[in-house]
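See below for protein_29.csv, which holds CSV, C-alpha atoms (C1' of nucleotides).
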chain,number,residue,atom,x,y,z
T,1211,MET,CA,-18.8,-13.7,38.2
T,1212,THR,CA,-15.6,-15.8,37.8
T,1213,GLU,CA,-13.3,-12.8,37.5
T,1214,GLN,CA,-10.5,-13.9,35.3
T,1215,HIS,CA,-8.6,-10.7,36.1
T,1216,ILE,CA,-6.8,-10.8,32.8
T,1217,SER,CA,-5.1,-7.5,32.0
T,1218,LEU,CA,-5.1,-6.1,28.5
T,1219,GLU,CA,-2.6,-3.4,27.7
T,1220,ILE,CA,-1.9,-1.0,24.9
T,1221,ALA,CA,1.2,0.8,23.7
T,1222,PRO,CA,-0.2,4.2,22.6
T,1223,SER,CA,2.8,5.3,20.7
T,1224,SER,CA,3.5,2.1,18.8
T,1225,GLY,CA,1.5,3.1,15.7
T,1226,VAL,CA,-0.4,-0.2,15.8
T,1227,PRO,CA,-4.2,0.4,16.0
T,1228,ILE,CA,-5.6,-0.1,19.4
T,1229,TYR,CA,-8.2,-2.7,18.3
T,1230,ARG,CA,-5.4,-4.7,16.7
T,1231,GLN,CA,-3.4,-4.7,19.9
T,1232,ILE,CA,-6.4,-6.0,21.7
T,1233,ILE,CA,-7.0,-8.7,19.2
T,1234,GLU,CA,-3.5,-10.0,19.3
T,1235,GLN,CA,-3.4,-10.1,23.0
T,1236,VAL,CA,-6.6,-12.1,23.3
T,1237,ARG,CA,-5.5,-14.5,20.6
T,1238,ARG,CA,-2.3,-15.2,22.5
T,1239,MET,CA,-4.0,-15.7,25.8
T,1240,VAL,CA,-6.5,-18.1,24.2
T,1241,ALA,CA,-3.7,-20.0,22.5
T,1242,SER,CA,-1.9,-20.5,25.8
T,1243,LYS,CA,-5.1,-21.4,27.6
T,1244,GLN,CA,-4.7,-18.5,30.0
T,1245,LEU,CA,-8.2,-17.9,28.7
T,1246,LYS,CA,-9.8,-21.3,28.5
T,1247,PRO,CA,-12.9,-22.2,26.4
T,1248,GLY,CA,-15.9,-20.8,28.2
T,1249,ALA,CA,-14.1,-18.1,30.1
T,1250,GLU,CA,-15.7,-14.7,30.3
T,1251,LEU,CA,-13.9,-11.7,28.9
T,1252,PRO,CA,-14.0,-8.4,30.7
T,1253,SER,CA,-16.8,-6.2,29.4
T,1254,VAL,CA,-16.3,-3.7,26.6
T,1255,ARG,CA,-17.0,-0.8,29.0
T,1256,SER,CA,-14.6,-1.9,31.7
T,1257,VAL,CA,-11.7,-2.5,29.3
T,1258,ALA,CA,-12.5,0.8,27.6
T,1259,GLN,CA,-12.4,2.6,30.9
T,1260,SER,CA,-9.2,1.1,32.2
T,1261,LEU,CA,-7.5,1.8,28.9
T,1262,ALA,CA,-9.1,5.2,28.6
T,1263,VAL,CA,-10.3,4.5,25.1
T,1264,ASN,CA,-13.7,4.5,23.4
T,1265,PRO,CA,-15.9,1.5,24.1
T,1266,MET,CA,-16.6,1.1,20.4
T,1267,THR,CA,-12.9,0.5,19.8
T,1268,ILE,CA,-13.0,-2.5,22.2
T,1269,SER,CA,-16.3,-3.7,20.7
T,1270,LYS,CA,-14.7,-3.7,17.3
T,1271,ALA,CA,-11.9,-5.9,18.6
T,1272,TYR,CA,-14.3,-8.3,20.2
T,1273,SER,CA,-16.5,-8.4,17.0
T,1274,LEU,CA,-13.6,-9.3,14.8
T,1275,LEU,CA,-12.5,-12.0,17.3
T,1276,GLU,CA,-16.0,-13.4,17.1
T,1277,ALA,CA,-15.9,-13.4,13.3
T,1278,GLU,CA,-12.6,-15.1,13.6
T,1279,GLY,CA,-14.1,-17.8,15.8
T,1280,VAL,CA,-12.0,-17.1,18.8
T,1281,LEU,CA,-14.9,-15.6,20.9
T,1282,GLN,CA,-18.6,-16.2,21.1
T,1283,ARG,CA,-21.2,-13.7,22.0
T,1284,GLN,CA,-23.8,-14.3,24.7
T,1285,ARG,CA,-26.6,-11.9,24.1
T,1286,GLY,CA,-27.2,-9.7,27.0
T,1287,LYS,CA,-24.3,-11.2,28.9
T,1288,GLY,CA,-20.9,-10.9,27.4
T,1289,MET,CA,-18.2,-12.5,25.4
T,1290,ILE,CA,-16.7,-15.9,26.2
T,1291,VAL,CA,-13.9,-17.9,24.7
T,1292,SER,CA,-15.3,-20.3,22.0
T,1293,SER,CA,-15.9,-23.8,23.1
T,1294,ASN,CA,-15.2,-25.4,19.8
T,1295,LEU,CA,-11.6,-24.3,19.1
T,1296,PRO,CA,-9.0,-26.3,17.3
T,1297,GLU,CA,-7.4,-28.8,19.6
T,1298,SER,CA,-5.0,-27.9,22.3
T,1299,GLN,CA,-2.2,-25.7,21.1
T,1300,SER,CA,1.2,-27.3,21.5
T,1301,GLU,CA,4.2,-25.2,22.3
T,1302,ASP,CA,5.3,-25.6,18.7
T,1303,GLN,CA,2.0,-24.1,17.5
T,1304,ARG,CA,2.2,-21.3,20.0
T,1305,LEU,CA,5.8,-20.6,18.9
T,1306,HIS,CA,4.3,-20.1,15.4
T,1307,LEU,CA,2.3,-17.1,16.7
T,1308,LEU,CA,5.6,-15.7,18.0
T,1309,GLN,CA,7.4,-15.8,14.7
T,1310,PRO,CA,6.6,-12.3,13.5
T,1311,ALA,CA,8.0,-10.8,16.7
T,1312,ILE,CA,11.1,-13.0,16.3
T,1313,GLU,CA,11.6,-11.9,12.8
T,1314,GLN,CA,11.1,-8.3,13.8
T,1315,ILE,CA,13.6,-8.3,16.6
T,1316,ILE,CA,16.3,-10.0,14.6
T,1317,THR,CA,15.8,-7.5,11.7
T,1318,GLU,CA,16.2,-4.7,14.2
T,1319,ALA,CA,19.2,-6.2,15.9
T,1320,ARG,CA,20.9,-6.7,12.5
T,1321,GLN,CA,20.2,-3.1,11.5
T,1322,LEU,CA,21.7,-1.9,14.8
T,1323,GLU,CA,24.6,-4.3,14.4
T,1324,ILE,CA,23.8,-5.9,17.7
T,1325,GLY,CA,25.2,-9.5,17.6
T,1326,ARG,CA,23.4,-12.6,18.5
T,1327,GLU,CA,25.1,-13.1,21.9
T,1328,THR,CA,24.4,-9.5,23.0
T,1329,LEU,CA,20.8,-9.9,22.0
T,1330,LEU,CA,20.4,-13.2,23.8
T,1331,LYS,CA,22.1,-11.8,26.9
T,1332,GLU,CA,19.8,-8.8,27.0
T,1333,ILE,CA,16.6,-10.9,26.7
T,1334,LYS,CA,17.9,-13.2,29.4
T,1335,ALA,CA,18.4,-10.3,31.7
T,1336,ARG,CA,14.9,-8.8,31.0
T,1337,TYR,CA,12.8,-12.0,30.9
T,1338,LYS,CA,12.2,-13.0,34.5
T,1339,GLU,CA,9.8,-15.9,34.7
G,486,MET,CA,27.0,7.6,-7.5
G,487,THR,CA,28.4,5.7,-4.5
G,488,GLU,CA,25.6,3.1,-4.4
G,489,GLN,CA,25.2,2.2,-0.8
G,490,HIS,CA,22.8,-0.6,-1.8
G,491,ILE,CA,20.9,-0.4,1.5
G,492,SER,CA,17.7,-2.2,1.4
G,493,LEU,CA,14.6,-0.8,3.1
G,494,GLU,CA,11.7,-3.2,3.7
G,495,ILE,CA,8.1,-2.9,4.8
G,496,ALA,CA,5.7,-5.3,6.4
G,497,PRO,CA,2.4,-4.4,4.7
G,498,SER,CA,0.1,-6.2,7.1
G,499,SER,CA,1.7,-5.1,10.4
G,500,GLY,CA,-0.6,-2.1,10.9
G,501,VAL,CA,2.4,0.2,11.4
G,502,PRO,CA,2.3,3.1,8.9
G,503,ILE,CA,4.8,2.7,6.0
G,504,TYR,CA,6.5,6.0,6.6
G,505,ARG,CA,7.1,5.0,10.3
G,506,GLN,CA,8.6,1.7,9.2
G,507,ILE,CA,11.0,3.6,6.9
G,508,ILE,CA,11.9,6.1,9.6
G,509,GLU,CA,12.7,3.4,12.1
G,510,GLN,CA,14.9,1.5,9.7
G,511,VAL,CA,16.9,4.5,8.7
G,512,ARG,CA,17.4,5.5,12.3
G,513,ARG,CA,18.8,2.1,13.2
G,514,MET,CA,21.1,2.0,10.2
G,515,VAL,CA,22.4,5.5,11.1
G,516,ALA,CA,22.9,4.5,14.7
G,517,SER,CA,25.0,1.5,13.7
G,518,LYS,CA,27.0,3.5,11.1
G,519,GLN,CA,25.8,1.2,8.3
G,520,LEU,CA,24.8,4.6,7.0
G,521,LYS,CA,27.7,6.9,7.8
G,522,PRO,CA,27.6,10.7,8.0
G,523,GLY,CA,27.6,12.0,4.4
G,524,ALA,CA,26.2,8.8,2.9
G,525,GLU,CA,23.6,9.2,0.2
G,526,LEU,CA,20.2,7.7,0.6
G,527,PRO,CA,18.4,6.0,-2.2
G,528,SER,CA,16.1,8.4,-4.0
G,529,VAL,CA,12.4,8.8,-3.0
G,530,ARG,CA,11.3,7.5,-6.4
G,531,SER,CA,13.5,4.5,-6.4
G,532,VAL,CA,12.5,3.4,-2.9
G,533,ALA,CA,8.9,4.0,-3.8
G,534,GLN,CA,9.1,1.9,-6.9
G,535,SER,CA,10.9,-1.0,-5.2
G,536,LEU,CA,8.4,-1.0,-2.4
G,537,ALA,CA,5.4,-0.4,-4.8
G,538,VAL,CA,4.4,2.6,-2.8
G,539,ASN,CA,3.6,6.2,-3.4
G,540,PRO,CA,6.7,8.5,-3.6
G,541,MET,CA,5.0,11.0,-1.2
G,542,THR,CA,5.0,8.3,1.5
G,543,ILE,CA,8.8,8.0,1.3
G,544,SER,CA,9.2,11.8,1.0
G,545,LYS,CA,7.2,12.1,4.2
G,546,ALA,CA,9.6,9.7,6.0
G,547,TYR,CA,12.6,11.6,4.7
G,548,SER,CA,11.2,15.0,5.6
G,549,LEU,CA,10.5,13.8,9.2
G,550,LEU,CA,14.0,12.4,9.4
G,551,GLU,CA,15.3,15.7,8.3
G,552,ALA,CA,13.3,17.6,10.9
G,553,GLU,CA,14.7,15.1,13.4
G,554,GLY,CA,18.2,16.0,12.4
G,555,VAL,CA,19.1,12.5,11.1
G,556,LEU,CA,19.2,13.5,7.4
G,557,GLN,CA,20.2,16.6,5.5
G,558,ARG,CA,18.6,17.7,2.3
G,559,GLN,CA,20.8,18.6,-0.7
G,560,ARG,CA,18.7,20.7,-3.0
G,561,GLY,CA,18.5,19.1,-6.5
G,562,LYS,CA,20.5,16.1,-5.4
G,563,GLY,CA,19.2,14.0,-2.6
G,564,MET,CA,19.3,13.2,1.1
G,565,ILE,CA,22.5,12.4,3.0
G,566,VAL,CA,23.1,11.4,6.5
G,567,SER,CA,23.8,14.4,8.7
G,568,SER,CA,27.4,15.2,9.3
G,569,ASN,CA,26.9,16.7,12.7
G,570,LEU,CA,25.3,13.8,14.6
G,571,PRO,CA,25.8,13.1,18.3
G,572,GLU,CA,29.0,11.2,18.8
G,573,SER,CA,29.5,7.5,17.9
G,574,GLN,CA,26.8,5.3,19.3
G,575,SER,CA,28.1,2.7,21.7
G,576,GLU,CA,26.6,-0.7,21.7
G,577,ASP,CA,24.8,0.2,25.0
G,578,GLN,CA,23.2,3.2,23.2
G,579,ARG,CA,22.2,1.1,20.3
G,580,LEU,CA,20.8,-1.5,22.7
G,581,HIS,CA,18.6,1.3,23.9
G,582,LEU,CA,16.9,1.6,20.5
G,583,LEU,CA,16.2,-2.1,20.7
G,584,GLN,CA,14.4,-2.0,24.0
G,585,PRO,CA,10.8,-1.6,22.7
G,586,ALA,CA,11.2,-4.7,20.6
G,587,ILE,CA,12.6,-6.6,23.5
G,588,GLU,CA,9.7,-5.5,25.8
G,589,GLN,CA,7.3,-6.5,23.0
G,590,ILE,CA,8.7,-10.0,22.4
G,591,ILE,CA,8.8,-10.8,26.1
G,592,THR,CA,5.2,-9.7,26.6
G,593,GLU,CA,4.1,-11.8,23.7
G,594,ALA,CA,6.1,-14.8,24.9
G,595,ARG,CA,4.6,-14.5,28.4
G,596,GLN,CA,1.1,-14.3,27.0
G,597,LEU,CA,1.8,-17.4,24.9
G,598,GLU,CA,3.4,-19.1,28.0
G,599,ILE,CA,6.6,-19.6,26.1
G,600,GLY,CA,9.4,-19.8,28.6
G,601,ARG,CA,12.6,-18.0,28.5
G,602,GLU,CA,14.7,-20.9,27.4
G,603,THR,CA,12.4,-21.8,24.6
G,604,LEU,CA,12.4,-18.2,23.4
G,605,LEU,CA,16.2,-18.0,23.6
G,606,LYS,CA,16.6,-21.2,21.7
G,607,GLU,CA,14.3,-20.1,19.0
G,608,ILE,CA,16.1,-16.8,18.5
G,609,LYS,CA,19.4,-18.6,18.5
G,610,ALA,CA,18.2,-20.8,15.8
G,611,ARG,CA,16.9,-18.0,13.6
G,612,TYR,CA,19.6,-15.4,14.1
G,613,LYS,CA,22.5,-16.4,11.8
G,614,GLU,CA,25.2,-13.8,11.8
U,813,DT,C1',21.1,24.8,-23.5
U,814,DA,C1',18.6,20.6,-23.0
U,815,DT,C1',17.9,16.4,-20.5
U,816,DG,C1',17.2,14.0,-16.6
U,817,DC,C1',17.8,13.5,-12.0
U,818,DT,C1',16.8,15.3,-7.1
U,819,DG,C1',12.9,16.5,-3.2
U,820,DT,C1',8.7,18.8,-2.6
U,821,DA,C1',4.1,21.2,-3.1
U,822,DT,C1',-0.6,20.9,-4.4
U,823,DT,C1',-5.2,19.1,-5.0
U,824,DA,C1',-8.2,15.5,-4.7
U,825,DA,C1',-10.0,11.3,-3.4
U,826,DT,C1',-10.3,7.2,-0.5
U,827,DA,C1',-9.9,4.5,3.5
U,828,DC,C1',-8.9,3.7,8.2
U,829,DT,C1',-8.9,4.8,13.1
U,830,DA,C1',-10.9,6.7,17.0
U,831,DT,C1',-14.0,9.6,19.6
U,832,DA,C1',-18.6,11.3,21.4
U,833,DA,C1',-23.3,10.9,22.5
U,834,DT,C1',-27.4,8.2,22.1
U,835,DA,C1',-30.2,4.4,21.7
U,836,DC,C1',-31.7,-0.4,21.5
U,837,DA,C1',-32.4,-5.5,22.5
U,838,DC,C1',-31.3,-8.8,25.6
U,839,DA,C1',-30.3,-11.0,30.2
U,840,DT,C1',-30.3,-11.2,35.1
U,841,DA,C1',-30.5,-9.9,40.0
U,842,DG,C1',-33.3,-7.4,43.3
R,815,DC,C1',-41.4,-4.9,37.2
R,816,DT,C1',-37.1,-2.3,37.7
R,817,DA,C1',-32.6,-1.4,37.6
R,818,DT,C1',-28.4,-2.6,35.9
R,819,DG,C1',-25.4,-4.9,33.2
R,820,DT,C1',-24.3,-7.1,28.5
R,821,DG,C1',-22.7,-6.0,23.1
R,822,DT,C1',-24.0,-3.3,19.3
R,823,DA,C1',-25.9,0.2,15.9
R,824,DT,C1',-26.1,4.9,14.5
R,825,DT,C1',-24.6,9.5,13.4
R,826,DA,C1',-21.4,12.9,13.3
R,827,DT,C1',-16.8,14.6,13.6
R,828,DA,C1',-11.8,14.5,13.4
R,829,DG,C1',-7.3,13.1,12.4
R,830,DT,C1',-4.3,10.3,9.9
R,831,DA,C1',-2.5,7.4,6.0
R,832,DT,C1',-2.1,6.6,1.4
R,833,DT,C1',-2.7,7.1,-3.4
R,834,DA,C1',-2.9,9.7,-7.9
R,835,DA,C1',-1.6,13.1,-11.2
R,836,DT,C1',0.8,17.3,-11.9
R,837,DA,C1',4.0,20.8,-11.4
R,838,DC,C1',8.1,23.2,-9.9
R,839,DA,C1',12.9,24.6,-8.5
R,840,DG,C1',17.4,23.2,-8.1
R,841,DC,C1',21.5,20.4,-9.6
R,842,DA,C1',24.5,17.9,-12.9
R,843,DT,C1',26.1,16.8,-17.2
R,844,DA,C1',26.3,15.8,-22.2
Do you think you could lay out the structure here as C-alpha cells?
Amino acid sequence: MTEQHISLEIAPSSGVPIYRQIIEQVRRMVASKQLKPGAELPSVRSVAQSLAVNPMTISKAYSLLEAEGVLQRQRGKGMIVSSNLPESQSEDQRLHLLQPAIEQIITEARQLEIGRETLLKEIKARYKE
Amino acid sequence: MTEQHISLEIAPSSGVPIYRQIIEQVRRMVASKQLKPGAELPSVRSVAQSLAVNPMTISKAYSLLEAEGVLQRQRGKGMIVSSNLPESQSEDQRLHLLQPAIEQIITEARQLEIGRETLLKEIKARYKE
DNA sequence: TATGCTGTATTAATACTATAATACACATAG
DNA sequence: CTATGTGTATTATAGTATTAATACAGCATA
C-alpha cells in the first residue's frame, strides 16, 4: 500500500475554497518532492472523511490537479504523482511558489505598522524546524 | 475633505471574497492608527471605481465593519472610524492580528521544504521599510 | 431650492462552492 | 465470482458572491 501518510489540512474560516486549499498543498508537496513521482495519494473518500467534507470536493481538487499535469489517474486504483514532471525543483524555484505568501505577509505587516525586525523575530520564534 | 489617501487593494485571483479583503485591510489600518478615530473613509463609489468592482460589494464590507463596531455611519456623508474603540493597540496586540498570516507562511514553507533561514532571508530582502 | 455627494435597498441574473444520495466502470484481493 | 476499493458522473439543493440597473433619503453647498 505504500502509505505516504501525508496530511492535508484546511482552514475552514479562511474564505479560500476547500478545493483550492487542497490543490495548493499538493502542489507544494510535489514541488518539494515530499510527494515523489509515482507516489500514491490518499483516496478521495479517506481525505473527505478526515476533513469532514464532501468527497466530490476532494475529487474536484484531484481532477484539476490532473488537468494541470501534477497528478495522473489510475483507473480503478487511485491518483499518483505524475512521472513526467518538469525537472527537479531547485530551492529558487520553490521559493517562487512562496512569493504570494511573502507579498501577503509583508502587506499585512505594513498595514499593521509592524516593522521588519519584529516580523522576522516573530517568524523565527514560531518556525521550529 | 481631509483626503486620507488610503489605498485599498484586492488580489483578484486569491479566492478570498473581495468584501473580506476590504474588511481585513481596514481592520489592520485601524488597529495601527493609520486610520485614526474620526477619519473619513473613501466613498463606496470611489473605491468601487478604482478597484473596478461593484459598489454594493464595498457597501457590504463597510456595513459589516459598522456592525463590528470599527466604523460609524454618518447619514448623507460617509463612513468614519469609530471614536469609541478599545484603547490603543499595542504592538503585541497588532501582532496578534498577524498570526494567521504567520501560520500560513510557515506551513507553506514547510511543505515546500524551505528552511527557516531561507525564509527569513527572503522576507528581509523583500521588506523595505 | 437645486445639485451633487453620501450609504443603502431592491430586484434580477449569473456564477461559484459545497453538500447529499446514488450509481457506474474499473481494478484487485480473497 | 464476489467483495471491496478506486475516481467520477448525475441530480438536486443550498448558500454565498458578484454584478447590474434603479431608486431613495439624508447631507452640504452654491
Skip DA835 of chain U itself and residues of its chain fewer than 3 positions away, then list as number ranges by chain all residues within 12 Å of it, counting all atoms listed in the file.
-> R: 822-825
Do you have, as a Markdown table, the list of residues of chain T lying at most 9 Å from chain G, each with its nearest atom pair and that distance in Å to one decimal, counting all atoms listed in the file and ordered by chain then number?
| residue | atom | partner | partner_atom | distance |
| --- | --- | --- | --- | --- |
| T:Ser1224 | CA | G:Val501 | CA | 7.7 |
| T:Gly1225 | CA | G:Val501 | CA | 5.3 |
| T:Val1226 | CA | G:Val501 | CA | 5.2 |
| T:Pro1227 | CA | G:Gly500 | CA | 6.7 |
| T:Arg1230 | CA | G:Gly500 | CA | 8.0 |
| T:Glu1234 | CA | G:Glu593 | CA | 9.0 |
| T:Gln1235 | CA | G:Gln596 | CA | 7.3 |
| T:Val1236 | CA | G:Gln596 | CA | 8.8 |
| T:Arg1237 | CA | G:Leu597 | CA | 9.0 |
| T:Arg1238 | CA | G:Leu597 | CA | 5.2 |
| T:Met1239 | CA | G:Gln596 | CA | 5.4 |
| T:Val1240 | CA | G:Leu597 | CA | 8.4 |
| T:Ala1241 | CA | G:Leu597 | CA | 6.5 |
| T:Ser1242 | CA | G:Leu597 | CA | 4.9 |
| T:Lys1243 | CA | G:Leu597 | CA | 8.4 |
| T:Gln1244 | CA | G:Gln596 | CA | 7.8 |
| T:Glu1301 | CA | G:Ile599 | CA | 7.2 |
| T:Arg1304 | CA | G:Leu597 | CA | 6.3 |
| T:Leu1305 | CA | G:Ile599 | CA | 7.3 |
| T:Leu1307 | CA | G:Leu597 | CA | 8.2 |
| T:Leu1308 | CA | G:Ala594 | CA | 7.0 |
| T:Ala1311 | CA | G:Ile590 | CA | 5.8 |
| T:Ile1312 | CA | G:Ile608 | CA | 6.7 |
| T:Glu1313 | CA | G:Arg611 | CA | 8.1 |
| T:Gln1314 | CA | G:Ala586 | CA | 7.7 |
| T:Ile1315 | CA | G:Ala586 | CA | 5.9 |
| T:Ile1316 | CA | G:Tyr612 | CA | 6.3 |
| T:Glu1318 | CA | G:Leu583 | CA | 7.0 |
| T:Ala1319 | CA | G:Leu583 | CA | 7.0 |
| T:Arg1320 | CA | G:Glu614 | CA | 8.3 |
| T:Gln1321 | CA | G:Met514 | CA | 5.3 |
| T:Leu1322 | CA | G:Ser517 | CA | 4.9 |
| T:Glu1323 | CA | G:Ser517 | CA | 5.9 |
| T:Ile1324 | CA | G:Glu576 | CA | 7.1 |
| T:Gly1325 | CA | G:Glu614 | CA | 7.2 |
| T:Arg1326 | CA | G:Tyr612 | CA | 6.5 |
| T:Glu1327 | CA | G:Lys609 | CA | 8.6 |
| T:Thr1328 | CA | G:Leu580 | CA | 8.8 |
| T:Leu1329 | CA | G:Leu580 | CA | 8.4 |
| T:Leu1330 | CA | G:Leu605 | CA | 6.4 |
| T:Glu1332 | CA | G:Ile587 | CA | 8.3 |
| T:Ile1333 | CA | G:Ile587 | CA | 6.7 |
| T:Lys1334 | CA | G:Arg601 | CA | 7.2 |
| T:Arg1336 | CA | G:Glu588 | CA | 8.1 |
| T:Tyr1337 | CA | G:Ile591 | CA | 6.4 |
| T:Lys1338 | CA | G:Arg601 | CA | 7.8 |
| T:Glu1339 | CA | G:Arg601 | CA | 7.1 |
So that I have them on file, write out the residues from the current selection with C-alpha atoms, as an mmCIF file, keeping the file's coordinate frame.
data_model
loop_
_atom_site.group_PDB
_atom_site.id
_atom_site.type_symbol
_atom_site.label_atom_id
_atom_site.label_comp_id
_atom_site.auth_asym_id
_atom_site.auth_seq_id
_atom_site.Cartn_x
_atom_site.Cartn_y
_atom_site.Cartn_z
ATOM 1 C CA SER T 1224 3.500 2.100 18.800
ATOM 2 C CA GLY T 1225 1.500 3.100 15.700
ATOM 3 C CA VAL T 1226 -0.400 -0.200 15.800
ATOM 4 C CA PRO T 1227 -4.200 0.400 16.000
ATOM 5 C CA ARG T 1230 -5.400 -4.700 16.700
ATOM 6 C CA GLU T 1234 -3.500 -10.000 19.300
ATOM 7 C CA GLN T 1235 -3.400 -10.100 23.000
ATOM 8 C CA VAL T 1236 -6.600 -12.100 23.300
ATOM 9 C CA ARG T 1237 -5.500 -14.500 20.600
ATOM 10 C CA ARG T 1238 -2.300 -15.200 22.500
ATOM 11 C CA MET T 1239 -4.000 -15.700 25.800
ATOM 12 C CA VAL T 1240 -6.500 -18.100 24.200
ATOM 13 C CA ALA T 1241 -3.700 -20.000 22.500
ATOM 14 C CA SER T 1242 -1.900 -20.500 25.800
ATOM 15 C CA LYS T 1243 -5.100 -21.400 27.600
ATOM 16 C CA GLN T 1244 -4.700 -18.500 30.000
ATOM 17 C CA GLU T 1301 4.200 -25.200 22.300
ATOM 18 C CA ARG T 1304 2.200 -21.300 20.000
ATOM 19 C CA LEU T 1305 5.800 -20.600 18.900
ATOM 20 C CA LEU T 1307 2.300 -17.100 16.700
ATOM 21 C CA LEU T 1308 5.600 -15.700 18.000
ATOM 22 C CA ALA T 1311 8.000 -10.800 16.700
ATOM 23 C CA ILE T 1312 11.100 -13.000 16.300
ATOM 24 C CA GLU T 1313 11.600 -11.900 12.800
ATOM 25 C CA GLN T 1314 11.100 -8.300 13.800
ATOM 26 C CA ILE T 1315 13.600 -8.300 16.600
ATOM 27 C CA ILE T 1316 16.300 -10.000 14.600
ATOM 28 C CA GLU T 1318 16.200 -4.700 14.200
ATOM 29 C CA ALA T 1319 19.200 -6.200 15.900
ATOM 30 C CA ARG T 1320 20.900 -6.700 12.500
ATOM 31 C CA GLN T 1321 20.200 -3.100 11.500
ATOM 32 C CA LEU T 1322 21.700 -1.900 14.800
ATOM 33 C CA GLU T 1323 24.600 -4.300 14.400
ATOM 34 C CA ILE T 1324 23.800 -5.900 17.700
ATOM 35 C CA GLY T 1325 25.200 -9.500 17.600
ATOM 36 C CA ARG T 1326 23.400 -12.600 18.500
ATOM 37 C CA GLU T 1327 25.100 -13.100 21.900
ATOM 38 C CA THR T 1328 24.400 -9.500 23.000
ATOM 39 C CA LEU T 1329 20.800 -9.900 22.000
ATOM 40 C CA LEU T 1330 20.400 -13.200 23.800
ATOM 41 C CA GLU T 1332 19.800 -8.800 27.000
ATOM 42 C CA ILE T 1333 16.600 -10.900 26.700
ATOM 43 C CA LYS T 1334 17.900 -13.200 29.400
ATOM 44 C CA ARG T 1336 14.900 -8.800 31.000
ATOM 45 C CA TYR T 1337 12.800 -12.000 30.900
ATOM 46 C CA LYS T 1338 12.200 -13.000 34.500
ATOM 47 C CA GLU T 1339 9.800 -15.900 34.700
#
Mind dumping a table of every chain U residue within 10 Å of chain G, with the nearest atom pair and its distance in Å to one decimal, using only C-alpha atoms (C1' of nucleotides), sorted by chain and rising number, as CSV?
residue,atom,partner,partner_atom,distance
U:DC817,C1',G:Lys562,CA,7.6
U:DT818,C1',G:Lys562,CA,4.1
U:DG819,C1',G:Gly563,CA,6.8
U:DT820,C1',G:Ser544,CA,7.9
Test item: residues at most 10 Å from segment 836-838 of chain R, only C-alpha atoms (C1' of nucleotides), excluding those fewer than 4 positions along its chain, as an NGL selection string = :U and (820-823)
Those same residues - C-alpha atoms (C1' of nucleotides) - I'd like them written as a CSV table (one decimal), in the frame of the given file.
chain,number,residue,atom,x,y,z
U,820,DT,C1',8.7,18.8,-2.6
U,821,DA,C1',4.1,21.2,-3.1
U,822,DT,C1',-0.6,20.9,-4.4
U,823,DT,C1',-5.2,19.1,-5.0
Å distance separating atom C1' of DA832 of chain U from atom CA of Thr1267 of chain T, one decimal place |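 Computed distance, atom C1' of DA832 of chain U to atom CA of Thr1267 of chain T, equals 12.3 Å.
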Pick from T:Ile1268, T:Gln1259, T:Tyr1229, T:Pro1222: nearest to chain R, with all atoms listed in the file counted?
->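 Distance minimum relative to chain R lands on T:Ile1268.
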